[in-house]
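Written out below as structure tokens is the structure these notes cover.
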Amino acid sequence: MNMNKDQLGYELTTAKPFDAVVAEIERLTPEQQFRVLHVHDVQETLAEKGFQRGPLKIIEVCNAGFANEALSKTVDVALFMPCKFSVYEAGGRTHVVLGRPTMISQMLPGSGLETLAAEVEAKLKKIMQAAV
């Protein structure tokens, strides 16, 4: 299966500062009935090992009801859980990328995840659109 970047991730960019976008995603997530499980500060983690890079955070989010429903269809979906936003700076702008749940349903054909994945993706896109 050949997939391009647009199929794998939904991306938005903004002139808003990196930290403000991260804070908005964290603040808005509960409004769509998700919760932030963890925020990975990749820049900090790499710096601890002597590597330098610009700001990059991976924000893991979950809705237990959606997770349970997806797992009841196929336990293989656990390979892609939880849902993730990547936030980074490039070219003087802040980028937010969502790993597309609809891509997961395509990678697990016959699992019956299509409708659920589309619903989850729509809610996560609302968070992104409001944050940027």
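In the structure tokens, each chain is lettered A, B, ... as it comes, each chain's residues begin at 1, and ligands are numbered from 1 in order of appearance.
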Near range 74-85 of chain A, within 7 Å and counting only C-alpha atoms, which residues show up once chain neighbours fewer than 4 positions away are dropped, as a ChimeraX atom specification? /A:58-62,70,96-99,111
Requested write-out: N, CA, C and O atoms of the selected residues, as an mmCIF file, in the first residue's frame:
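After the write, part_3.cif holds the following:
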data_model
loop_
_atom_site.group_PDB
_atom_site.id
_atom_site.type_symbol
_atom_site.label_atom_id
_atom_site.label_comp_id
_atom_site.auth_asym_id
_atom_site.auth_seq_id
_atom_site.Cartn_x
_atom_site.Cartn_y
_atom_site.Cartn_z
ATOM 1 N N ILE A 58 4.940 15.858 20.717
ATOM 2 C CA ILE A 58 3.953 14.878 20.288
ATOM 3 C C ILE A 58 2.930 14.790 21.413
ATOM 4 O O ILE A 58 3.274 14.477 22.555
ATOM 5 N N ILE A 59 1.682 15.096 21.075
ATOM 6 C CA ILE A 59 0.600 15.128 22.063
ATOM 7 C C ILE A 59 -0.287 13.910 21.823
ATOM 8 O O ILE A 59 -0.915 13.786 20.769
ATOM 9 N N GLU A 60 -0.305 13.002 22.804
ATOM 10 C CA GLU A 60 -1.123 11.798 22.708
ATOM 11 C C GLU A 60 -2.477 12.060 23.364
ATOM 12 O O GLU A 60 -2.526 12.527 24.506
ATOM 13 N N VAL A 61 -3.556 11.738 22.641
ATOM 14 C CA VAL A 61 -4.905 11.956 23.155
ATOM 15 C C VAL A 61 -5.731 10.678 22.993
ATOM 16 O O VAL A 61 -5.444 9.842 22.135
ATOM 17 N N CYS A 62 -6.760 10.552 23.836
ATOM 18 C CA CYS A 62 -7.603 9.364 23.779
ATOM 19 C C CYS A 62 -9.018 9.680 24.240
ATOM 20 O O CYS A 62 -9.224 10.539 25.100
ATOM 21 N N ALA A 70 -13.150 0.662 18.981
ATOM 22 C CA ALA A 70 -12.178 0.272 17.954
ATOM 23 C C ALA A 70 -11.539 -1.069 18.302
ATOM 24 O O ALA A 70 -11.409 -1.951 17.440
ATOM 25 N N VAL A 96 0.996 21.790 12.743
ATOM 26 C CA VAL A 96 0.311 20.774 13.531
ATOM 27 C C VAL A 96 -0.099 19.670 12.565
ATOM 28 O O VAL A 96 -0.717 19.939 11.534
ATOM 29 N N VAL A 97 0.268 18.441 12.888
ATOM 30 C CA VAL A 97 -0.062 17.304 12.038
ATOM 31 C C VAL A 97 -0.772 16.255 12.889
ATOM 32 O O VAL A 97 -0.302 15.902 13.968
ATOM 33 N N LEU A 98 -1.891 15.795 12.401
ATOM 34 C CA LEU A 98 -2.655 14.725 13.038
ATOM 35 C C LEU A 98 -2.430 13.445 12.254
ATOM 36 O O LEU A 98 -2.617 13.428 11.030
ATOM 37 N N GLY A 99 -2.010 12.374 12.935
ATOM 38 C CA GLY A 99 -1.993 11.058 12.302
ATOM 39 C C GLY A 99 -3.440 10.664 12.041
ATOM 40 O O GLY A 99 -4.225 10.542 12.978
ATOM 41 N N SER A 111 -11.874 -4.447 8.807
ATOM 42 C CA SER A 111 -12.010 -4.357 10.262
ATOM 43 C C SER A 111 -13.303 -3.660 10.696
ATOM 44 O O SER A 111 -13.680 -3.732 11.859
#
Would you give me, as a PyMOL selection string, the residues in range 48-126 of chain A that DSSP reads as helix (DSSP H, G or I)? chain A and resi 48+64-73+75-80+101-107+114-126
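The spacing separating CA of Thr45 in chain A from CA of Ile25 in chain A amounts to 20.8 Å.
Close contacts of range 101-107 of chain A, defined as residues with an atom at most 7 Å away when counting only C-alpha atoms, with chain neighbours fewer than 5 positions off set aside, comprise A:Gln7, A:Leu8, A:Leu113, A:Glu114, A:Ala117, A:Ala118, A:Val120, A:Glu121.
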Same residues, N, CA and C atoms, output as a PDB file, in the first residue's frame:
ATOM      1  N   GLN A   7      -2.305  11.561   2.972  1.00  0.00           N
ATOM      2  CA  GLN A   7      -3.137  10.433   3.401  1.00  0.00           C
ATOM      3  C   GLN A   7      -2.786  10.014   4.826  1.00  0.00           C
ATOM      4  N   LEU A   8      -1.531  10.109   5.182  1.00  0.00           N
ATOM      5  CA  LEU A   8      -1.080   9.708   6.512  1.00  0.00           C
ATOM      6  C   LEU A   8      -1.415  10.735   7.581  1.00  0.00           C
ATOM      7  N   LEU A 113     -13.695  -0.399  10.744  1.00  0.00           N
ATOM      8  CA  LEU A 113     -13.327   0.827  11.459  1.00  0.00           C
ATOM      9  C   LEU A 113     -13.669   2.110  10.715  1.00  0.00           C
ATOM     10  N   GLU A 114     -14.126   2.036   9.482  1.00  0.00           N
ATOM     11  CA  GLU A 114     -14.254   3.222   8.635  1.00  0.00           C
ATOM     12  C   GLU A 114     -15.116   4.324   9.259  1.00  0.00           C
ATOM     13  N   ALA A 117     -13.534   5.657  12.546  1.00  0.00           N
ATOM     14  CA  ALA A 117     -12.327   6.428  12.243  1.00  0.00           C
ATOM     15  C   ALA A 117     -12.679   7.808  11.706  1.00  0.00           C
ATOM     16  N   ALA A 118     -13.679   7.882  10.848  1.00  0.00           N
ATOM     17  CA  ALA A 118     -14.095   9.175  10.293  1.00  0.00           C
ATOM     18  C   ALA A 118     -14.641  10.081  11.392  1.00  0.00           C
ATOM     19  N   VAL A 120     -13.880   9.981  14.674  1.00  0.00           N
ATOM     20  CA  VAL A 120     -12.748  10.386  15.512  1.00  0.00           C
ATOM     21  C   VAL A 120     -11.935  11.461  14.807  1.00  0.00           C
ATOM     22  N   GLU A 121     -11.650  11.250  13.537  1.00  0.00           N
ATOM     23  CA  GLU A 121     -10.852  12.215  12.780  1.00  0.00           C
ATOM     24  C   GLU A 121     -11.535  13.579  12.726  1.00  0.00           C
TER      25      GLU A 121
END
Would you list the contacts of Gln129 in chain A as a PyMOL selection string, taking every protein, DNA or RNA residue within 12 Å and counting only C-alpha atoms, but skipping same-chain residues closer than 6 positions in sequence? chain A and resi 10-14+21+24-25+28-29+95-98+122-123
Expected file: the selected residues, N, CA and C atoms, as a JSON list (two decimals), in the first residue's frame:
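Output contents, as saved in out.json:
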[["chain", "number", "residue", "atom", "x", "y", "z"],
["A", 10, "TYR", "N", -3.01, 14.87, 8.55],
["A", 10, "TYR", "CA", -3.75, 16.10, 8.23],
["A", 10, "TYR", "C", -2.94, 17.23, 8.85],
["A", 11, "GLU", "N", -2.53, 18.22, 8.04],
["A", 11, "GLU", "CA", -1.62, 19.26, 8.52],
["A", 11, "GLU", "C", -2.22, 20.64, 8.36],
["A", 12, "LEU", "N", -2.02, 21.46, 9.38],
["A", 12, "LEU", "CA", -2.35, 22.88, 9.35],
["A", 12, "LEU", "C", -1.13, 23.66, 9.81],
["A", 13, "THR", "N", -0.98, 24.88, 9.31],
["A", 13, "THR", "CA", 0.10, 25.74, 9.75],
["A", 13, "THR", "C", -0.46, 27.07, 10.22],
["A", 14, "THR", "N", 0.31, 27.75, 11.06],
["A", 14, "THR", "CA", -0.13, 29.01, 11.61],
["A", 14, "THR", "C", 1.07, 29.87, 11.97],
["A", 21, "VAL", "N", 0.15, 27.24, 20.56],
["A", 21, "VAL", "CA", -0.60, 26.20, 19.84],
["A", 21, "VAL", "C", -0.66, 24.93, 20.69],
["A", 24, "GLU", "N", -3.17, 25.46, 23.41],
["A", 24, "GLU", "CA", -4.54, 25.45, 22.89],
["A", 24, "GLU", "C", -5.02, 24.03, 22.62],
["A", 25, "ILE", "N", -4.17, 23.20, 22.05],
["A", 25, "ILE", "CA", -4.56, 21.80, 21.82],
["A", 25, "ILE", "C", -4.88, 21.13, 23.15],
["A", 28, "LEU", "N", -8.25, 22.57, 24.42],
["A", 28, "LEU", "CA", -9.42, 22.25, 23.61],
["A", 28, "LEU", "C", -9.77, 20.77, 23.56],
["A", 29, "THR", "N", -8.83, 19.92, 23.85],
["A", 29, "THR", "CA", -9.03, 18.47, 23.73],
["A", 29, "THR", "C", -10.25, 17.98, 24.51],
["A", 95, "HIS", "N", 3.58, 24.21, 12.77],
["A", 95, "HIS", "CA", 2.86, 23.16, 12.04],
["A", 95, "HIS", "C", 2.23, 22.20, 13.03],
["A", 96, "VAL", "N", 1.00, 21.79, 12.74],
["A", 96, "VAL", "CA", 0.31, 20.77, 13.53],
["A", 96, "VAL", "C", -0.10, 19.67, 12.57],
["A", 97, "VAL", "N", 0.27, 18.44, 12.89],
["A", 97, "VAL", "CA", -0.06, 17.30, 12.04],
["A", 97, "VAL", "C", -0.77, 16.25, 12.89],
["A", 98, "LEU", "N", -1.89, 15.79, 12.40],
["A", 98, "LEU", "CA", -2.65, 14.72, 13.04],
["A", 98, "LEU", "C", -2.43, 13.44, 12.25],
["A", 122, "ALA", "N", -12.83, 13.61, 12.53],
["A", 122, "ALA", "CA", -13.56, 14.88, 12.47],
["A", 122, "ALA", "C", -13.43, 15.64, 13.79],
["A", 123, "LYS", "N", -13.53, 14.94, 14.91],
["A", 123, "LYS", "CA", -13.41, 15.60, 16.22],
["A", 123, "LYS", "C", -11.99, 16.13, 16.44]]
